[in-house]
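Chemist: Before anything else, here's the structure in question.
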Amino acid sequence: MNQAFINILLIICLGYLLKRINILKEKDGAVIAKIIFNITLPALVIVTFNSVKIEPSLILLPVIVIIFGLISAFLTFFVFKKEEKELKGTLLMLAPGANVGLFAYPIVHAMWGTEGLMYFGMFDVGTAIVIWVIGYILGSYFSEEGLTLKPVAILKKLGNSIPLMTYIVASILNYSHIQLPSTIIDVATTISKANIPLSLLLLGLYLNFTFDKKYFRPIMKFLTFRYGLGLLFGLALYFFLPFDQMFRYTLLIGLLLPVGMTALVFGIELKYRTTHLIAMIANITILISIVILYVFAIFIL
């Protein structure tokens with residue numbers, strides 16, 4: 001397990017090094033992210049869901065994630081209600097979501113293999129809904145132009161999310177005991193092998209620790225609140241839910257994952273002036289969560 005984490009850190013560092021020596025640039029990350037979200041991650045989902053049996057209890061994972069997302073957004077609003085409008089909107093976009101596809105999958109695969117990916121895949125279904133519905137609505141409401149959303153627009157955004165649609169279709173096929181042709185699985189397997197290295201390189205490429213000093217206090221307050229809330233709920237669910245250990249591990253770890261990178265896309269689209277703050281918080285939470293998962297792997301597994 002130690003070697004697996006060392007390998008993960010080395011690939012992240014490689015991505016950062018490639019940026020520092022100008023072989024890759026941060027703007028190249030947009031292309032890599034599109035490849036991951038639209039090609040390699042869906043391929044990984046297809047392979048994972050085709051090879052394992054989804055237990056009925058796993059349907060509760062996205063439900064719990066959505067409920068936690070609502071609670072998190074509600075509490076974040078009150079904790080940061082005195083902040084100026086745009087900063088409040090920024091933190092509310094970040095609060096409910098988590099970085100599952102880019103961050104969790106490589107580490108989960110190293111820790112639990114295909115079984116772990118299935119559980120976190122179901123967790124990610126809830127995360128996608130939370131990010132694209134709750135996060136986007138709150139970000140729009142507190143943006144300079146105000147809320148301009150319609151239900152049809154939200155559904156369209158969800159429908160355009162290839163990973164989310166892949167999760168849903170793969171889950172339906174799994175429950176229906178429908179196996180995809182071996183040719184499709186073979187191709188998807190080959191493509192999916194690129195997901196982990198690309199995801200880790202992208203994390204390194206986006207590492208950036210420059211920010212306006214005036215945001216130091218709200219950043220520290222947000223980090224304390226986010227990880228404190230995630231740890232509180234994660235431990236409570238772990239000890240009190242009557243499900244298997246992997247189910248409870250998924251919730252405990254999932255609620256301590258980094259913030260979702262999608263908030264950065266929302267910030268640009270909604271014309272927020274705090275996009276660098278979003279990137280900064282995303283970077284810090286990646287480092288914090290790596291430490292948390294490393295400690296978890298050593299002392300709990």
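Quick note on naming: the chains in the structure tokens go A, B, ... in the order shown, residues restart at 1 in each chain, and ligands are numbered from 1 in order of appearance.
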List as a PDB file with N, CA, C and O atoms, in the first residue's frame the protein and nucleic acid residues near range 97-100 of chain A, meaning an atom at most 8 Å away when only C-alpha atoms are counted, but skip any in the same chain fewer than 2 places from it.

Modeler:
ATOM      1  N   GLY A  69     -25.317  16.506   0.703  1.00  0.00           N
ATOM      2  CA  GLY A  69     -25.059  17.714  -0.086  1.00  0.00           C
ATOM      3  C   GLY A  69     -26.005  18.842   0.270  1.00  0.00           C
ATOM      4  O   GLY A  69     -25.602  20.009   0.379  1.00  0.00           O
ATOM      5  N   MET A  93     -20.801  26.887  -4.062  1.00  0.00           N
ATOM      6  CA  MET A  93     -20.567  26.002  -5.203  1.00  0.00           C
ATOM      7  C   MET A  93     -19.624  24.865  -4.816  1.00  0.00           C
ATOM      8  O   MET A  93     -19.747  23.743  -5.310  1.00  0.00           O
ATOM      9  N   LEU A  94     -18.667  25.172  -3.933  1.00  0.00           N
ATOM     10  CA  LEU A  94     -17.667  24.182  -3.549  1.00  0.00           C
ATOM     11  C   LEU A  94     -18.163  23.211  -2.477  1.00  0.00           C
ATOM     12  O   LEU A  94     -17.742  22.057  -2.437  1.00  0.00           O
ATOM     13  N   ALA A  95     -19.054  23.667  -1.619  1.00  0.00           N
ATOM     14  CA  ALA A  95     -19.428  22.910  -0.421  1.00  0.00           C
ATOM     15  C   ALA A  95     -20.033  21.536  -0.676  1.00  0.00           C
ATOM     16  O   ALA A  95     -19.614  20.542  -0.064  1.00  0.00           O
ATOM     17  N   LEU A 102     -11.616  12.203 -10.704  1.00  0.00           N
ATOM     18  CA  LEU A 102     -10.196  12.495 -10.897  1.00  0.00           C
ATOM     19  C   LEU A 102      -9.347  12.037  -9.724  1.00  0.00           C
ATOM     20  O   LEU A 102      -8.264  11.475  -9.890  1.00  0.00           O
ATOM     21  N   PHE A 103      -9.822  12.282  -8.503  1.00  0.00           N
ATOM     22  CA  PHE A 103      -8.995  12.048  -7.323  1.00  0.00           C
ATOM     23  C   PHE A 103      -9.207  10.662  -6.719  1.00  0.00           C
ATOM     24  O   PHE A 103      -8.250   9.928  -6.477  1.00  0.00           O
ATOM     25  N   ALA A 104     -10.457  10.295  -6.472  1.00  0.00           N
ATOM     26  CA  ALA A 104     -10.723   9.082  -5.698  1.00  0.00           C
ATOM     27  C   ALA A 104     -10.422   7.801  -6.475  1.00  0.00           C
ATOM     28  O   ALA A 104      -9.882   6.841  -5.920  1.00  0.00           O
ATOM     29  N   TYR A 105     -10.779   7.774  -7.749  1.00  0.00           N
ATOM     30  CA  TYR A 105     -10.659   6.525  -8.499  1.00  0.00           C
ATOM     31  C   TYR A 105      -9.248   5.927  -8.483  1.00  0.00           C
ATOM     32  O   TYR A 105      -9.089   4.726  -8.251  1.00  0.00           O
ATOM     33  N   PHE A 120     -17.619   3.414  -5.218  1.00  0.00           N
ATOM     34  CA  PHE A 120     -17.392   4.840  -5.419  1.00  0.00           C
ATOM     35  C   PHE A 120     -18.063   5.343  -6.689  1.00  0.00           C
ATOM     36  O   PHE A 120     -18.357   6.529  -6.815  1.00  0.00           O
ATOM     37  N   ASP A 124     -20.458   8.443  -6.754  1.00  0.00           N
ATOM     38  CA  ASP A 124     -20.260   9.530  -7.715  1.00  0.00           C
ATOM     39  C   ASP A 124     -21.552   9.907  -8.438  1.00  0.00           C
ATOM     40  O   ASP A 124     -21.691  11.035  -8.914  1.00  0.00           O
ATOM     41  N   THR A 127     -22.888  12.419  -6.232  1.00  0.00           N
ATOM     42  CA  THR A 127     -22.038  13.609  -6.313  1.00  0.00           C
ATOM     43  C   THR A 127     -22.335  14.425  -7.567  1.00  0.00           C
ATOM     44  O   THR A 127     -22.389  15.658  -7.522  1.00  0.00           O
ATOM     45  N   ALA A 128     -22.499  13.737  -8.702  1.00  0.00           N
ATOM     46  CA  ALA A 128     -22.782  14.434  -9.964  1.00  0.00           C
ATOM     47  C   ALA A 128     -24.086  15.221  -9.879  1.00  0.00           C
ATOM     48  O   ALA A 128     -24.167  16.372 -10.329  1.00  0.00           O
ATOM     49  N   VAL A 130     -25.547  16.287  -7.122  1.00  0.00           N
ATOM     50  CA  VAL A 130     -25.345  17.375  -6.156  1.00  0.00           C
ATOM     51  C   VAL A 130     -24.628  18.562  -6.809  1.00  0.00           C
ATOM     52  O   VAL A 130     -25.023  19.721  -6.649  1.00  0.00           O
ATOM     53  N   ILE A 131     -23.554  18.261  -7.552  1.00  0.00           N
ATOM     54  CA  ILE A 131     -22.757  19.325  -8.170  1.00  0.00           C
ATOM     55  C   ILE A 131     -23.552  20.062  -9.234  1.00  0.00           C
ATOM     56  O   ILE A 131     -23.607  21.298  -9.248  1.00  0.00           O
ATOM     57  N   GLY A 135     -25.053  22.684  -6.535  1.00  0.00           N
ATOM     58  CA  GLY A 135     -23.922  23.597  -6.689  1.00  0.00           C
ATOM     59  C   GLY A 135     -24.156  24.645  -7.757  1.00  0.00           C
ATOM     60  O   GLY A 135     -23.884  25.834  -7.560  1.00  0.00           O
ATOM     61  N   GLY A 254     -15.546   9.089   1.230  1.00  0.00           N
ATOM     62  CA  GLY A 254     -16.174   9.972   0.250  1.00  0.00           C
ATOM     63  C   GLY A 254     -16.478  11.361   0.791  1.00  0.00           C
ATOM     64  O   GLY A 254     -16.361  12.362   0.078  1.00  0.00           O
ATOM     65  N   LEU A 255     -16.856  11.430   2.061  1.00  0.00           N
ATOM     66  CA  LEU A 255     -17.191  12.726   2.660  1.00  0.00           C
ATOM     67  C   LEU A 255     -15.946  13.523   3.051  1.00  0.00           C
ATOM     68  O   LEU A 255     -16.069  14.657   3.518  1.00  0.00           O
ATOM     69  N   LEU A 257     -13.326  13.715   0.693  1.00  0.00           N
ATOM     70  CA  LEU A 257     -12.633  13.920  -0.577  1.00  0.00           C
ATOM     71  C   LEU A 257     -12.463  15.408  -0.874  1.00  0.00           C
ATOM     72  O   LEU A 257     -13.146  16.251  -0.290  1.00  0.00           O
ATOM     73  N   PRO A 258     -11.572  15.763  -1.798  1.00  0.00           N
ATOM     74  CA  PRO A 258     -11.396  17.178  -2.174  1.00  0.00           C
ATOM     75  C   PRO A 258     -12.656  17.744  -2.812  1.00  0.00           C
ATOM     76  O   PRO A 258     -13.546  16.998  -3.244  1.00  0.00           O
ATOM     77  N   VAL A 259     -12.731  19.053  -2.889  1.00  0.00           N
ATOM     78  CA  VAL A 259     -13.868  19.698  -3.554  1.00  0.00           C
ATOM     79  C   VAL A 259     -13.832  19.373  -5.047  1.00  0.00           C
ATOM     80  O   VAL A 259     -12.784  19.062  -5.609  1.00  0.00           O
ATOM     81  N   GLY A 260     -14.987  19.446  -5.683  1.00  0.00           N
ATOM     82  CA  GLY A 260     -15.073  19.126  -7.099  1.00  0.00           C
ATOM     83  C   GLY A 260     -14.460  20.199  -7.986  1.00  0.00           C
ATOM     84  O   GLY A 260     -14.680  21.394  -7.764  1.00  0.00           O
ATOM     85  N   MET A 261     -13.703  19.784  -8.981  1.00  0.00           N
ATOM     86  CA  MET A 261     -13.098  20.727  -9.924  1.00  0.00           C
ATOM     87  C   MET A 261     -14.136  21.374 -10.829  1.00  0.00           C
ATOM     88  O   MET A 261     -13.870  22.395 -11.466  1.00  0.00           O
TER      89      MET A 261
END

Chemist: Give me, as a ChimeraX atom specification, the residues of range 23-141 of chain A that a backbone DSSP run labels helix (DSSP H, G or I).

Modeler: /A:28-51,56-79,85-94,100-141

Chemist: Hey, what's within 12 Å of Leu241 in chain A if we count only C-alpha atoms and toss same-chain stuff fewer than 5 positions away? As a list in words, please?

Modeler: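 Answer for this query is Ser57, Leu60, Leu61, Ile64, Phe233, Gly234, Leu235, Ala236, Met246, Phe247, Arg248, Tyr249, Leu251 and Leu252 of chain A.
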
Chemist: Can you list, as a list in words, every protein, DNA or RNA residue that comes within 10 Å of Ile219 in chain A when you count only C-alpha atoms, leaving out same-chain residues fewer than 5 positions away?

Modeler: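 What passes the distance filter is Leu91, Lys213, Lys214, Thr224, Phe225, Leu277, Ile278, Met280, Ile281 and Ile284 of chain A.
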
Chemist: With only C-alpha atoms as the counted atoms, please give the residues lying no more than 10 Å from Leu138 in chain A, apart from itself and same-chain residues fewer than 5 positions off, as a list in words.

Modeler: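 Answer for this query is Ala73, Phe77, Lys88, Gly89, Thr90, Leu91, Leu92, Met93, Leu94, Ile131, Val133, Ser143, Gly146 and Leu147 of chain A.
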
Chemist: Do you have, as CSV, the list of residues of range 35-83 of chain A lying at most 12 Å from range 21-29 of chain A, each with its nearest atom pair and that distance in Å to one decimal, counting only C-alpha atoms and ordered by chain then number?

Modeler:
residue,atom,partner,partner_atom,distance
A:Ile35,CA,A:Gly29,CA,9.8
A:Ile36,CA,A:Gly29,CA,10.3
A:Phe37,CA,A:Gly29,CA,11.9

Chemist: Limited to N, CA, C and O atoms, could you put the picked residues into a file as a short mmCIF file (atom, residue, chain, number, x, y, z; two decimals), in the first residue's frame?

Modeler:
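Contents of again_15.cif, freshly written:
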data_model
loop_
_atom_site.label_atom_id
_atom_site.label_comp_id
_atom_site.auth_asym_id
_atom_site.auth_seq_id
_atom_site.Cartn_x
_atom_site.Cartn_y
_atom_site.Cartn_z
N ILE A 35 -10.77 14.54 -22.13
CA ILE A 35 -10.47 13.14 -22.46
C ILE A 35 -10.87 12.22 -21.30
O ILE A 35 -11.49 11.16 -21.50
N ILE A 36 -10.55 12.66 -20.09
CA ILE A 36 -10.87 11.84 -18.91
C ILE A 36 -12.38 11.71 -18.73
O ILE A 36 -12.92 10.59 -18.64
N PHE A 37 -13.07 12.85 -18.68
CA PHE A 37 -14.50 12.83 -18.37
C PHE A 37 -15.35 12.21 -19.48
O PHE A 37 -16.39 11.61 -19.21
#

Chemist: Hey, what's within 9 Å of Lys193 in chain A if we count only C-alpha atoms and toss same-chain stuff fewer than 3 positions away? As a PyMOL selection string, please?

Modeler: chain A and resi 40+43-44+188-190+196-197

Chemist: Would you save the residues of that selection, restricted to C-alpha atoms, as an mmCIF file, in the first residue's frame?

Modeler:
data_model
loop_
_atom_site.group_PDB
_atom_site.id
_atom_site.type_symbol
_atom_site.label_atom_id
_atom_site.label_comp_id
_atom_site.auth_asym_id
_atom_site.auth_seq_id
_atom_site.Cartn_x
_atom_site.Cartn_y
_atom_site.Cartn_z
ATOM 1 C CA THR A 40 -11.406 7.153 -20.153
ATOM 2 C CA ALA A 43 -14.734 3.357 -20.221
ATOM 3 C CA LEU A 44 -13.642 2.551 -16.673
ATOM 4 C CA ALA A 188 -13.197 -0.194 -22.980
ATOM 5 C CA THR A 189 -10.661 -2.085 -20.853
ATOM 6 C CA THR A 190 -7.778 -0.854 -22.995
ATOM 7 C CA ILE A 196 -5.557 6.644 -13.617
ATOM 8 C CA PRO A 197 -2.286 8.108 -15.006
#

Chemist: Select, from A:Arg273, A:Lys221, A:Lys85, A:His109, the residue with the minimum atom-to-atom distance to Thr48 in chain A, counting only C-alpha atoms.

Modeler: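 For Thr48 in chain A, the nearest of the candidates is A:His109.
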
Chemist: Pick from A:Ile292, A:Val65, A:Leu223, A:Ile8: nearest to Leu237 in chain A, with only C-alpha atoms counted?

Modeler: A:Val65

Chemist: For each of A:Phe80, A:Trp112, A:Phe5, A:Tyr175, take the minimum atom-to-atom distance to Phe49 in chain A, counting only C-alpha atoms, then give the residue where this is smallest.

Modeler: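 For Phe49 in chain A, the nearest of the candidates is A:Tyr175.
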
Chemist: Could you jot down the CA of Leu200 in chain A to CA of Ile288 in chain A separation for me, Å, one decimal place?

Modeler: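 For CA of Leu200 in chain A relative to CA of Ile288 in chain A, the distance reads 15.4 Å.
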
Chemist: So the first atom is CA of Leu198 in chain A and the second is CA of Val31 in chain A; what is the distance between them in Å, to one decimal place?

Modeler: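 Computing the Euclidean distance for CA of Leu198 in chain A and CA of Val31 in chain A yields 10.9 Å.
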
Chemist: Just give me the gap between CA of Ile184 in chain A and CA of Ile59 in chain A in Å, one decimal is fine.

Modeler: 25.8 Å

Chemist: Could you check which of A:Pro62, A:Thr76, A:Tyr227, A:Pro106 is closest to Leu201 in chain A, using only C-alpha atoms?

Modeler: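 Checking each of A:Pro62, A:Thr76, A:Tyr227, A:Pro106 against Leu201 in chain A, counting only C-alpha atoms, the winner is A:Pro106.
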
Chemist: Pick out the residues sitting within 10 Å of Leu180 in chain A, and hand them over as a list in words; count only C-alpha atoms, and ignore anything fewer than 2 positions along from it in its own chain.

Modeler: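 Non-adjacent residues within range: Ile46, Val47, Asn50, Ala170, Leu173, Asn174, His177, Ile178, Ser182, Thr183, Ile184 and Ile185 of chain A.
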
Chemist: Suppose we keep C-alpha atoms; can you now write the selection as a PDB file, in the first residue's frame?

Modeler:
ATOM      1  CA  ILE A  46     -18.389   0.341 -18.247  1.00  0.00           C
ATOM      2  CA  VAL A  47     -15.679  -2.200 -17.400  1.00  0.00           C
ATOM      3  CA  ASN A  50     -19.912  -5.047 -16.297  1.00  0.00           C
ATOM      4  CA  ALA A 170     -24.249   0.803 -16.773  1.00  0.00           C
ATOM      5  CA  LEU A 173     -27.583  -3.005 -17.641  1.00  0.00           C
ATOM      6  CA  ASN A 174     -26.109  -4.509 -14.484  1.00  0.00           C
ATOM      7  CA  HIS A 177     -28.182  -8.835 -16.115  1.00  0.00           C
ATOM      8  CA  ILE A 178     -27.355  -7.654 -19.639  1.00  0.00           C
ATOM      9  CA  SER A 182     -16.834  -8.840 -25.361  1.00  0.00           C
ATOM     10  CA  THR A 183     -15.421  -6.622 -28.127  1.00  0.00           C
ATOM     11  CA  ILE A 184     -16.845  -3.507 -26.446  1.00  0.00           C
ATOM     12  CA  ILE A 185     -15.511  -4.600 -23.061  1.00  0.00           C
TER      13      ILE A 185
END
